[in-house]
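Visitor: File my_file.txt below, compact mmCIF, C-alpha atoms:
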```
# COMPACT_ATOMS: atom_id res chain seq x y z
CA MET A 1 245.92 82.97 35.42
CA ASN A 2 248.56 85.21 33.88
CA LYS A 3 248.00 86.43 30.36
CA LEU A 4 250.24 86.68 27.33
CA SER A 5 252.49 89.71 27.47
CA ARG A 6 251.97 92.03 24.53
CA PRO A 7 253.10 92.81 21.94
CA CYS A 8 254.29 89.32 21.04
CA ARG A 9 256.08 88.48 17.82
CA MET A 10 255.02 85.12 16.41
CA MET A 11 256.17 83.33 13.31
CA LEU A 12 253.14 81.38 12.09
CA LEU A 13 254.08 78.59 9.67
CA VAL A 14 251.25 77.20 7.55
CA ASN A 15 251.34 74.19 5.24
CA PRO A 16 248.67 74.96 2.61
CA GLN A 17 248.63 71.32 1.45
CA SER A 18 247.94 69.72 4.83
CA GLY A 19 244.69 67.89 5.49
CA LYS A 20 242.14 68.75 2.83
CA GLY A 21 244.23 71.70 1.70
CA GLN A 22 242.15 74.16 3.74
CA ALA A 23 244.73 75.40 6.25
CA LEU A 24 244.91 78.90 4.74
CA THR A 25 241.13 79.16 4.64
CA LEU A 26 240.93 78.14 8.30
CA TYR A 27 243.59 80.71 9.14
CA ASN A 28 241.64 83.47 7.38
CA ASN A 29 238.31 82.42 8.89
CA HIS A 30 239.41 81.91 12.49
CA ILE A 31 243.01 82.40 13.54
CA GLN A 32 243.83 85.78 12.03
CA ARG A 33 240.93 87.43 13.83
CA MET A 34 241.72 85.68 17.13
CA LEU A 35 245.34 86.83 17.05
CA ASN A 36 244.34 90.39 16.15
CA GLU A 37 241.85 90.56 19.01
CA ALA A 38 244.45 89.17 21.41
CA GLY A 39 246.95 91.83 20.34
CA ILE A 40 249.45 89.30 19.00
CA GLN A 41 251.62 90.41 16.11
CA HIS A 42 252.46 87.59 13.74
CA THR A 43 254.11 86.95 10.42
CA LEU A 44 252.57 84.30 8.20
CA VAL A 45 255.01 81.98 6.45
CA ILE A 46 253.56 79.60 3.85
CA THR A 47 255.71 76.53 3.39
CA GLU A 48 256.41 75.55 -0.19
CA ARG A 49 258.05 72.12 -0.01
CA GLN A 50 259.08 69.33 2.30
CA ASN A 51 261.70 70.41 4.89
CA HIS A 52 261.16 74.09 4.07
CA ALA A 53 260.29 74.83 7.72
CA ARG A 54 263.21 72.74 8.94
CA GLU A 55 265.67 74.71 6.82
CA LEU A 56 264.10 78.03 7.77
CA VAL A 57 264.28 77.63 11.56
CA ARG A 58 267.74 76.07 11.35
CA GLU A 59 269.15 79.25 9.83
CA ALA A 60 266.84 81.98 11.14
CA ASP A 61 267.74 84.69 13.62
CA LEU A 62 265.39 83.57 16.38
CA SER A 63 265.83 86.81 18.29
CA GLN A 64 263.22 88.23 15.90
CA TRP A 65 260.54 85.96 17.34
CA ASP A 66 258.99 85.25 20.72
CA ALA A 67 257.24 82.05 19.58
CA LEU A 68 257.02 79.72 16.61
CA VAL A 69 253.51 78.51 15.85
CA ILE A 70 252.66 75.74 13.41
CA MET A 71 249.31 75.44 11.63
CA SER A 72 249.34 72.11 9.87
CA GLY A 73 249.35 68.45 10.73
CA ASP A 74 251.98 66.98 13.01
CA GLY A 75 254.61 66.65 10.26
CA LEU A 76 255.41 70.36 10.13
CA LEU A 77 256.15 70.51 13.86
CA PHE A 78 258.47 67.52 13.40
CA GLU A 79 260.41 69.61 10.86
CA VAL A 80 260.57 72.64 13.16
CA ILE A 81 261.77 70.72 16.22
CA ASN A 82 264.50 68.94 14.29
CA GLY A 83 265.57 72.17 12.60
CA LEU A 84 265.96 73.82 16.01
CA LEU A 85 267.99 70.91 17.36
CA GLU A 86 270.31 70.96 14.34
CA ARG A 87 271.47 74.48 15.19
CA PRO A 88 274.84 75.12 16.87
CA ASP A 89 272.90 77.07 19.53
CA TRP A 90 270.35 74.26 19.96
CA GLU A 91 270.23 74.55 23.76
CA GLU A 92 268.89 78.09 23.50
CA ALA A 93 266.92 77.53 20.30
CA ILE A 94 264.85 74.62 21.63
CA GLN A 95 263.64 76.85 24.47
CA ILE A 96 261.68 79.11 22.13
CA PRO A 97 257.98 78.48 22.85
CA LEU A 98 256.24 76.40 20.20
CA GLY A 99 252.55 76.45 19.37
CA ILE A 100 250.33 74.06 17.44
CA LEU A 101 247.10 74.83 15.58
CA PRO A 102 245.34 71.88 13.91
CA GLY A 103 245.32 72.19 10.13
CA GLY A 104 246.03 68.63 9.00
CA SER A 105 244.39 65.21 9.07
CA GLY A 106 245.78 63.71 12.27
CA ASN A 107 246.27 66.73 14.55
CA ALA A 108 247.41 64.49 17.39
CA LEU A 109 249.40 67.03 19.40
CA ALA A 110 246.65 69.64 19.08
CA ALA A 111 244.13 67.10 20.38
CA SER A 112 246.51 66.26 23.24
CA ILE A 113 246.96 69.93 24.21
CA HIS A 114 243.18 70.35 24.19
CA HIS A 115 242.82 67.21 26.34
CA TYR A 116 245.40 68.40 28.88
CA SER A 117 243.36 71.59 29.34
CA GLY A 118 240.53 69.50 30.77
CA ALA A 119 238.06 70.39 28.02
CA PRO A 120 235.71 67.75 26.56
CA GLN A 121 236.76 66.07 23.32
CA VAL A 122 236.06 68.03 20.14
CA SER A 123 237.25 67.84 16.54
CA SER A 124 237.65 69.77 13.31
CA GLU A 125 237.04 73.53 13.54
CA GLU A 126 235.99 73.32 17.19
CA LEU A 127 239.42 71.90 18.01
CA LEU A 128 241.06 74.69 16.01
CA VAL A 129 239.16 77.37 17.90
CA SER A 130 239.98 75.74 21.24
CA CYS A 131 243.69 75.56 20.42
CA GLY A 132 243.64 79.14 19.16
CA PHE A 133 242.11 80.28 22.43
CA LEU A 134 244.67 78.35 24.48
CA MET A 135 247.48 79.82 22.42
CA CYS A 136 246.21 83.36 22.96
CA LYS A 137 246.19 82.75 26.73
CA GLY A 138 249.92 82.18 26.38
CA LEU A 139 250.91 79.77 29.15
CA VAL A 140 253.97 77.67 28.34
CA SER A 141 254.78 74.17 29.65
CA PRO A 142 257.83 71.93 29.23
CA MET A 143 257.38 69.05 26.78
CA ASP A 144 259.25 65.77 26.50
CA LEU A 145 261.12 64.94 23.31
CA VAL A 146 262.32 61.49 22.31
CA CYS A 147 265.62 60.99 20.51
CA ILE A 148 265.45 58.22 17.92
CA HIS A 149 268.49 56.42 16.51
CA LEU A 150 268.32 54.77 13.08
CA SER A 151 270.84 52.46 11.43
CA SER A 152 272.44 54.70 8.82
CA CYS A 153 270.76 58.09 9.30
CA PRO A 154 271.44 60.85 11.81
CA ARG A 155 269.24 60.65 14.87
CA VAL A 156 265.94 62.50 14.86
CA PHE A 157 263.84 64.03 17.63
CA SER A 158 260.19 63.18 18.09
CA PHE A 159 257.37 64.77 20.09
CA LEU A 160 254.54 62.30 19.48
CA SER A 161 255.06 58.68 18.49
CA LEU A 162 256.94 55.87 16.80
CA ALA A 163 254.94 53.16 15.07
CA TRP A 164 255.65 49.84 13.36
CA GLY A 165 253.11 47.44 11.93
CA PHE A 166 249.38 48.11 11.77
CA VAL A 167 249.38 51.75 12.89
CA ALA A 168 252.25 52.75 10.61
CA ASP A 169 250.71 50.90 7.68
CA VAL A 170 247.37 52.67 8.13
CA ASP A 171 249.02 56.07 8.54
CA ILE A 172 251.03 55.85 5.33
CA GLU A 173 248.72 53.78 3.15
CA SER A 174 245.84 56.16 3.95
CA GLU A 175 247.60 58.95 2.05
CA LYS A 176 245.65 57.88 -1.04
CA TYR A 177 242.46 58.92 0.80
CA ARG A 178 243.78 62.31 1.93
CA HIS A 179 240.94 64.11 0.13
CA VAL A 180 238.45 62.86 2.75
CA GLY A 181 240.41 64.39 5.65
CA SER A 182 240.63 62.55 8.96
CA ALA A 183 238.17 59.91 7.72
CA ARG A 184 241.07 58.52 5.69
CA PHE A 185 242.32 56.69 8.79
CA THR A 186 238.96 54.96 9.34
CA VAL A 187 238.78 53.87 5.71
CA CYS A 188 242.30 52.48 5.70
CA THR A 189 241.83 50.79 9.08
CA LEU A 190 238.97 48.74 7.63
CA VAL A 191 241.02 47.93 4.51
CA ARG A 192 244.00 46.80 6.59
CA LEU A 193 241.80 44.74 8.96
CA ALA A 194 240.59 42.76 5.96
CA SER A 195 244.19 41.73 5.26
CA LEU A 196 245.85 41.63 8.66
CA ARG A 197 249.64 41.39 8.64
CA VAL A 198 251.99 39.90 11.21
CA TYR A 199 255.52 41.25 11.65
CA LYS A 200 258.47 39.44 13.17
CA GLY A 201 260.97 41.30 15.29
CA LYS A 202 262.70 41.75 18.63
CA LEU A 203 261.52 44.34 21.16
CA ALA A 204 263.31 45.37 24.36
CA TYR A 205 262.90 48.27 26.77
CA LEU A 206 264.21 49.96 29.90
CA PRO A 207 261.33 50.12 32.41
CA ALA A 208 260.45 53.50 33.89
CA THR A 209 261.04 52.93 37.57
CA ASP A 210 262.94 55.70 39.37
CA LEU A 211 262.61 58.73 37.13
CA PRO A 212 265.24 61.48 37.33
CA LYS A 213 264.12 64.47 39.37
CA ARG A 214 263.64 67.80 37.66
CA GLU A 215 264.02 71.22 39.17
CA GLU A 216 260.65 72.23 40.55
CA GLY A 217 260.62 75.47 38.59
CA LEU A 218 260.79 73.65 35.30
CA ARG A 219 257.75 71.56 36.14
CA ASN A 220 255.45 74.51 36.65
CA LYS A 221 253.69 76.29 33.87
CA LYS A 222 255.24 79.58 32.91
CA THR A 223 253.72 82.61 31.30
CA LEU A 224 255.06 83.39 27.86
CA HIS A 225 256.84 86.71 28.36
CA CYS A 226 257.21 88.41 25.01
CA ASN A 227 259.48 91.23 24.04
CA ASN A 228 257.74 94.44 25.00
CA GLN A 229 259.46 96.42 22.26
CA PRO A 230 257.74 96.74 18.87
CA PRO A 231 259.39 94.43 16.31
CA THR A 232 261.91 96.14 14.10
CA SER A 233 261.95 95.78 10.35
CA VAL A 234 263.99 92.90 8.98
CA PRO A 235 266.77 93.69 6.50
CA GLY A 236 265.76 92.46 3.07
CA ARG A 237 262.04 92.83 3.77
CA PRO A 238 260.22 95.49 1.73
CA SER A 239 259.43 98.50 3.88
CA THR A 240 255.77 98.29 2.92
CA VAL A 241 255.42 95.10 5.00
CA SER A 242 257.37 96.22 8.05
CA PRO A 243 255.28 96.14 11.24
CA CYS A 244 254.12 99.55 12.40
CA GLU A 245 255.43 100.78 15.72
CA ASN A 246 253.14 101.39 18.72
CA THR A 247 250.34 99.20 17.39
CA PHE A 248 248.97 95.78 18.24
CA HIS A 249 247.81 95.04 14.70
CA ASN A 250 249.32 91.92 13.21
CA SER A 251 251.91 91.89 10.47
CA CYS A 252 250.92 89.20 7.98
CA HIS A 253 252.99 88.20 4.99
CA SER A 254 253.53 85.17 2.80
CA ASN A 255 256.99 83.71 2.54
CA ASN A 256 257.20 84.99 -1.02
CA SER A 257 258.03 88.39 0.45
CA LEU A 258 259.45 87.38 3.83
CA LYS A 259 263.21 87.02 4.08
CA VAL A 260 264.11 85.84 7.54
CA ARG A 261 267.51 87.11 8.66
CA LYS A 262 270.09 84.41 9.31
CA VAL A 263 272.16 84.37 12.46
CA GLU A 264 275.25 86.33 11.46
CA SER A 265 277.57 84.74 14.00
CA THR A 266 276.62 81.16 13.15
CA PRO A 267 279.43 79.15 11.54
CA PRO A 268 278.61 76.73 8.72
CA ARG A 269 276.67 73.80 10.08
CA SER A 270 278.48 70.49 10.33
CA THR A 271 277.44 67.84 7.86
CA ASN A 272 277.00 65.49 10.83
CA ILE A 273 273.85 66.99 12.27
CA SER A 274 273.61 64.17 14.80
CA LEU A 275 276.25 66.01 16.86
CA SER A 276 273.63 68.61 17.82
CA GLY A 277 271.17 68.07 20.61
CA PRO A 278 271.52 66.42 24.03
CA SER A 279 273.51 63.24 24.57
CA ASP A 280 271.72 59.92 25.06
CA SER A 281 272.96 58.32 28.27
CA LEU A 282 270.70 55.25 28.22
CA LEU A 283 271.39 53.93 24.71
CA PRO A 284 274.35 51.81 23.66
CA PRO A 285 275.24 51.80 19.94
CA LEU A 286 272.62 50.00 17.85
CA ASP A 287 275.06 47.19 17.03
CA LYS A 288 275.99 46.58 20.69
CA PRO A 289 274.21 44.38 23.25
CA LEU A 290 271.72 45.97 25.62
CA PRO A 291 272.47 46.42 29.34
CA SER A 292 271.27 43.73 31.74
CA ASP A 293 268.60 45.95 33.33
CA TRP A 294 266.60 46.07 30.07
CA THR A 295 263.54 43.83 29.57
CA VAL A 296 263.44 41.70 26.41
CA VAL A 297 259.96 40.83 25.15
CA GLN A 298 259.73 37.07 24.63
CA GLU A 299 257.28 37.24 21.74
CA GLU A 300 258.64 37.88 18.26
CA ASP A 301 255.35 38.00 16.29
CA PHE A 302 253.56 41.36 16.42
CA VAL A 303 250.57 43.01 14.81
CA LEU A 304 251.82 46.43 15.94
CA VAL A 305 254.31 48.23 18.11
CA LEU A 306 253.45 51.79 19.15
CA ALA A 307 255.47 54.16 21.34
CA MET A 308 253.49 57.20 22.53
CA TYR A 309 254.49 60.26 24.55
CA GLN A 310 251.32 62.33 24.14
CA SER A 311 247.76 61.32 24.94
CA HIS A 312 246.35 61.33 21.40
CA LEU A 313 247.33 59.58 18.19
CA GLY A 314 244.69 61.55 16.27
CA GLU A 315 241.81 63.91 16.92
CA ASP A 316 239.58 61.02 17.99
CA MET A 317 242.14 58.47 19.17
CA MET A 318 243.28 58.66 22.81
CA ALA A 319 246.01 56.02 22.61
CA ALA A 320 247.79 56.93 25.86
CA PRO A 321 245.15 58.43 28.19
CA GLY A 322 247.57 58.57 31.12
CA SER A 323 250.25 60.51 29.28
CA THR A 324 251.27 64.04 30.23
CA LEU A 325 253.51 66.59 28.56
CA ASP A 326 256.65 66.18 30.65
CA GLU A 327 256.54 63.00 32.72
CA GLY A 328 259.76 61.64 31.22
CA VAL A 329 258.02 58.44 30.12
CA ILE A 330 257.38 56.64 26.84
CA HIS A 331 254.12 54.67 26.76
CA LEU A 332 255.04 51.51 24.87
CA PHE A 333 252.21 49.41 23.45
CA TYR A 334 252.41 46.22 21.46
CA VAL A 335 249.80 43.81 20.15
CA ARG A 336 250.86 40.20 19.89
CA ALA A 337 249.99 38.02 16.91
CA GLY A 338 246.89 35.89 17.31
CA ILE A 339 244.44 38.71 17.97
CA SER A 340 241.25 38.39 15.96
CA ARG A 341 240.09 41.07 13.56
CA ALA A 342 237.02 41.65 15.74
CA ALA A 343 239.14 42.11 18.88
CA LEU A 344 241.51 44.50 17.10
CA LEU A 345 238.59 46.55 15.79
CA LYS A 346 237.07 46.62 19.28
CA MET A 347 240.40 47.87 20.66
CA PHE A 348 240.58 50.76 18.20
CA LEU A 349 236.94 51.70 18.80
CA ALA A 350 237.64 51.81 22.54
CA MET A 351 240.71 53.94 21.85
CA GLU A 352 238.40 56.74 20.69
CA LYS A 353 237.46 57.23 24.36
CA GLY A 354 240.76 56.05 25.83
CA THR A 355 239.16 52.96 27.40
CA HIS A 356 241.09 50.28 25.49
CA LEU A 357 243.37 49.46 28.42
CA ALA A 358 240.33 48.69 30.61
CA ASN A 359 239.07 46.05 28.16
CA ASN A 360 241.68 43.53 29.34
CA CYS A 361 242.60 42.46 25.83
CA GLN A 362 245.04 39.58 26.33
CA HIS A 363 247.00 40.45 23.20
CA LEU A 364 247.57 44.13 24.12
CA VAL A 365 250.54 44.95 26.36
CA HIS A 366 251.34 48.40 27.80
CA ALA A 367 254.58 49.36 29.55
CA LYS A 368 255.97 52.67 30.78
CA VAL A 369 259.58 52.90 29.65
CA ARG A 370 262.47 55.35 29.46
CA ALA A 371 264.06 53.80 26.37
CA PHE A 372 263.44 50.96 23.93
CA ARG A 373 264.95 49.12 20.99
CA LEU A 374 263.09 47.53 18.08
CA GLU A 375 264.79 45.18 15.61
CA PRO A 376 262.47 44.14 12.74
CA TYR A 377 263.12 40.70 11.26
CA THR A 378 260.46 41.00 8.56
CA PRO A 379 262.40 42.28 5.52
CA LYS A 380 259.82 44.83 4.36
CA GLY A 381 257.70 47.19 6.39
CA ILE A 382 257.07 50.77 7.49
CA ILE A 383 258.31 52.64 10.54
CA THR A 384 256.94 56.11 11.21
CA VAL A 385 258.06 58.84 13.58
CA ASP A 386 255.42 61.49 14.27
CA GLY A 387 253.63 60.19 11.19
CA GLU A 388 256.69 60.59 8.94
CA VAL A 389 258.32 57.56 7.27
CA VAL A 390 261.86 56.90 8.46
CA GLU A 391 264.47 54.34 7.50
CA TYR A 392 263.22 50.78 7.95
CA GLY A 393 265.45 48.68 10.16
CA PRO A 394 266.72 48.58 13.74
CA VAL A 395 265.71 51.60 15.79
CA GLN A 396 266.11 52.68 19.40
CA ALA A 397 264.88 55.66 21.38
CA GLU A 398 265.33 57.53 24.65
CA VAL A 399 263.10 60.16 26.25
CA HIS A 400 264.48 63.58 27.24
CA ARG A 401 262.28 65.07 29.89
CA GLY A 402 260.96 68.60 29.33
CA LEU A 403 263.46 69.38 26.57
CA ALA A 404 261.12 71.60 24.55
CA ARG A 405 258.49 74.18 25.50
CA ILE A 406 254.93 74.25 24.18
CA ILE A 407 252.14 76.81 24.50
CA THR A 408 249.32 75.07 26.38
CA GLY A 409 247.05 77.81 27.73
```
In structure tokens, what does this structure look like?
Guide:
Amino acid sequence: MNKLSRPCRMMLLVNPQSGKGQALTLYNNHIQRMLNEAGIQHTLVITERQNHARELVREADLSQWDALVIMSGDGLLFEVINGLLERPDWEEAIQIPLGILPGGSGNALAASIHHYSGAPQVSSEELLVSCGFLMCKGLVSPMDLVCIHLSSCPRVFSFLSLAWGFVADVDIESEKYRHVGSARFTVCTLVRLASLRVYKGKLAYLPATDLPKREEGLRNKKTLHCNNQPPTSVPGRPSTVSPCENTFHNSCHSNNSLKVRKVESTPPRSTNISLSGPSDSLLPPLDKPLPSDWTVVQEEDFVLVLAMYQSHLGEDMMAAPGSTLDEGVIHLFYVRAGISRAALLKMFLAMEKGTHLANNCQHLVHAKVRAFRLEPYTPKGIITVDGEVVEYGPVQAEVHRGLARIITG
């Protein structure tokens, strides 16, 4: 297996508030040493507010970096991906290799990357060490992204999931238990089971039958080839923090001193950021009828709707065990009303091992789709994308196969 070319210039974005607020401690205890021993130069950027990472990567001169690595929960990667796709040069920008190190509560993509490597399931610091090792190996794979259209907001791009109903409720309502880490989801699941809600809505999808072929080269893993020249100092950065030439020691700074150079040739970004990114060929406008080859679900009463495009929904929740990084498929799950609390609890317990689909629960339906549309009728509710709350209302989505690149080891 080919190894990471060195030296490699990584921007490492850390959210110090994610999870139990221990991301920086985990970085100091594990990741910094691993990167140093692997000969990977990196610059630490500590995010200070919501959308800080999104704004940073949208304006940054990406030629300074060979990879962008996120150490946080899944929300920070959501910001980075959407920031890259809002750039005028989005086609080039989205090809920069991305990395994920678990530092939050859910850590779904990190758990998925670990699962794809064939390693047995682990959690907490063991998962962090595993993902750090895989990142240092430096193999890069294509990763699907899903474009999501909302009623009155610009479209957003997602790498993990869209949820409505039970899963979204638990994800957001569990914020009050953030101090207990990933156990917050278990606590809130039990609370929500005690008062089970039913949501009315219309669900339709385009079945995944004949998938578009991809060029064979894009389907194979590729070694992350980094710039073999030592990184130059960035204008505006104090000379005392400039990386030293001819050394493999890392360059580590907080974003209080780091000033990332903007792309000089970039014109002002349009206020309509939905113009950036690839076009969606499968989706009609939200207010238009669906094509005849779509399937409309007959039921209108749901406990949950969950669209997944990675294997894991959390460190210990393998929601889509058959998912892979770039299959060009959305795994659409929905649970019909009428399921008992005991059956729903049994389903989630089985999901820890990815065996829930083998339990033949009559209320659980799974379909592989290329696009879907959800129209909630219930006036109040929560819809999440990659664990982030989005506008509540009609929503539709289409998968873009292998649009991004992720470091997988």
Visitor: For CA of Ala23 (chain A) and CA of Met71 (chain A), quote the distance in Å rounded to one decimal.
Guide: 7.1 Å
Visitor: Nearest residue to Leu68 (chain A) out of A:Ile407, A:Ala367, A:Ala307, A:Cys136, using all atoms listed in the file?
Guide: A:Ile407
Visitor: Quick check, in Å to one decimal: how far apart do CA of Ile172 (chain A) and CA of Glu315 (chain A) lie?
Guide: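 Computed distance, CA of Ile172 (chain A) to CA of Glu315 (chain A), equals 16.9 Å.
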Visitor: Just the residues within 9 Å of Leu162 (chain A), please, counting all atoms listed in the file, with nothing from its chain fewer than 4 positions along; format it as a list in words.
Guide: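 Within the cut-off, the hits are Ile148, Ser158, Ala168, Val305, Leu306, Ala307, Met308, Ile383, Thr384, Val385, Asp386 and Gly387 of chain A.
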Visitor: Put a box with edges along x, y and z around all the listed atoms of region 159-169 of chain A, pad it by 6 Å on each side, then give me its centre and sizes in Å, one decimal, as lines of an AutoDock Vina configuration file.
Guide:
```
center_x = 253.4
center_y = 56.1
center_z = 13.9
size_x = 20.0
size_y = 29.3
size_z = 24.4
```
Visitor: Could you produce a table of the residues of region 277-389 of chain A lying within 12 Å of region 83-93 of chain A, with the nearest pair of atoms per residue and their separation in Å rounded to one decimal, using only C-alpha atoms, ordered by chain and increasing residue number, as JSON lines?
Guide:
```
{"residue": "A:Gly277", "atom": "CA", "partner": "A:Leu85", "partner_atom": "CA", "distance": 5.4}
{"residue": "A:Pro278", "atom": "CA", "partner": "A:Glu91", "partner_atom": "CA", "distance": 8.2}
{"residue": "A:Ser279", "atom": "CA", "partner": "A:Glu91", "partner_atom": "CA", "distance": 11.8}
```
Visitor: Any chance you can output those residues with C-alpha atoms as a PDB file, keeping the file's coordinate frame?
Guide:
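Listing of out_16.pdb after writing:
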```
ATOM      1  CA  GLY A 277     271.170  68.070  20.610  1.00  0.00           C
ATOM      2  CA  PRO A 278     271.520  66.420  24.030  1.00  0.00           C
ATOM      3  CA  SER A 279     273.510  63.240  24.570  1.00  0.00           C
TER       4      SER A 279
END
```
Visitor: With only C-alpha atoms counted, which protein, DNA or RNA residues have an atom no more than 8 Å from (261.9, 67.9, 17.0) in the file frame? Please answer as a PyMOL selection string.
Guide: chain A and resi 77-85+145+156-159
Visitor: Record the distance separating CA of Asp74 (chain A) and CA of Gly402 (chain A), expressed in Å with one decimal.
Guide: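 Rounded to one decimal, the two atoms are 18.7 Å apart.
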Visitor: Measuring between only C-alpha atoms, which one of A:Asp61, A:Asp301, A:Glu125, A:Asp171 shows the shortest distance to Pro376 (chain A)?
Guide: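 Under the stated criterion, the closest residue is A:Asp301.
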Visitor: At a cut-off of 12 Å, using only C-alpha atoms, what residues contact Lys380 (chain A)? Leave out same-chain residues fewer than 5 positions from it and give the result as an NGL selection string.
Guide: :A and (164-165 or 169 or 197-201 or 391-393)
Visitor: Could you check the closest approach to Met317 (chain A) for each of A:Leu344, A:Ala371, A:Ala108, A:Ala208 and tell me which residue wins, using all atoms listed in the file?
Guide: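 Distance minimum relative to Met317 (chain A) lands on A:Ala108.
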Visitor: Could you check the closest approach to Tyr205 (chain A) for each of A:His115, A:Arg373, A:Cys131, A:Ser161 and tell me which residue wins, using only C-alpha atoms?
Guide: A:Arg373
Visitor: Let me make sure I understand: among A:Ser340, A:Leu128, A:Ile46, A:Ile330, which one has the smallest atom-to-atom distance to Ser195 (chain A) if we use only C-alpha atoms?
Guide: A:Ser340
Visitor: Just checking: using only C-alpha atoms, which residue out of A:Asp293, A:Glu59, A:Glu375, A:Glu299 ends up closest to Ser151 (chain A)?
Guide: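 Of all the options, A:Glu375 lies closest to Ser151 (chain A).
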Visitor: Leaving out Gln50 (chain A) and any residue of its chain fewer than 2 positions from it, which residues lie within 10 Å of it when counting all atoms listed in the file, given as a ChimeraX atom specification?
Guide: /A:15,47-48,52-55,75-76,79
Visitor: List the neighbours of Leu193 (chain A) out to 10 Å using all atoms listed in the file; skip same-chain residues closer than 3 positions along the sequence, and give me the result as number ranges by chain.
Guide: A: 166, 170, 188-190, 196-197, 340-342, 344-345
Visitor: Give me region 81-93 of chain A with N, CA, C and O atoms filled in, as a CSV table (one decimal), keeping the file's coordinate frame.
Guide:
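The file below, result22.csv, is the result:
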```
chain,number,residue,atom,x,y,z
A,81,ILE,N,261.0,71.2,15.1
A,81,ILE,CA,261.8,70.7,16.2
A,81,ILE,C,263.1,70.2,15.8
A,81,ILE,O,264.2,70.5,16.4
A,82,ASN,N,263.2,69.5,14.7
A,82,ASN,CA,264.5,68.9,14.3
A,82,ASN,C,265.4,70.0,13.7
A,82,ASN,O,266.6,70.0,13.9
A,83,GLY,N,264.8,71.0,13.1
A,83,GLY,CA,265.6,72.2,12.6
A,83,GLY,C,266.2,72.9,13.8
A,83,GLY,O,267.4,73.3,13.7
A,84,LEU,N,265.4,73.1,14.8
A,84,LEU,CA,266.0,73.8,16.0
A,84,LEU,C,267.1,73.1,16.7
A,84,LEU,O,268.1,73.6,17.1
A,85,LEU,N,267.0,71.7,16.7
A,85,LEU,CA,268.0,70.9,17.4
A,85,LEU,C,269.2,70.6,16.5
A,85,LEU,O,270.2,70.1,16.9
A,86,GLU,N,269.2,71.1,15.2
A,86,GLU,CA,270.3,71.0,14.3
A,86,GLU,C,271.2,72.2,14.4
A,86,GLU,O,272.2,72.3,13.7
A,87,ARG,N,270.7,73.2,15.1
A,87,ARG,CA,271.5,74.5,15.2
A,87,ARG,C,272.7,74.4,16.2
A,87,ARG,O,272.6,73.6,17.1
A,88,PRO,N,273.7,75.1,15.9
A,88,PRO,CA,274.8,75.1,16.9
A,88,PRO,C,274.4,75.6,18.2
A,88,PRO,O,274.9,75.2,19.3
A,89,ASP,N,273.4,76.5,18.3
A,89,ASP,CA,272.9,77.1,19.5
A,89,ASP,C,271.6,76.3,20.0
A,89,ASP,O,270.7,76.9,20.5
A,90,TRP,N,271.6,75.0,19.7
A,90,TRP,CA,270.4,74.3,20.0
A,90,TRP,C,269.8,74.4,21.4
A,90,TRP,O,268.6,74.4,21.6
A,91,GLU,N,270.7,74.5,22.4
A,91,GLU,CA,270.2,74.6,23.8
A,91,GLU,C,269.4,75.8,24.0
A,91,GLU,O,268.4,75.7,24.7
A,92,GLU,N,269.7,76.9,23.4
A,92,GLU,CA,268.9,78.1,23.5
A,92,GLU,C,267.7,78.0,22.5
A,92,GLU,O,266.6,78.4,22.9
A,93,ALA,N,268.0,77.5,21.3
A,93,ALA,CA,266.9,77.5,20.3
A,93,ALA,C,265.7,76.7,20.7
A,93,ALA,O,264.6,77.1,20.5
```
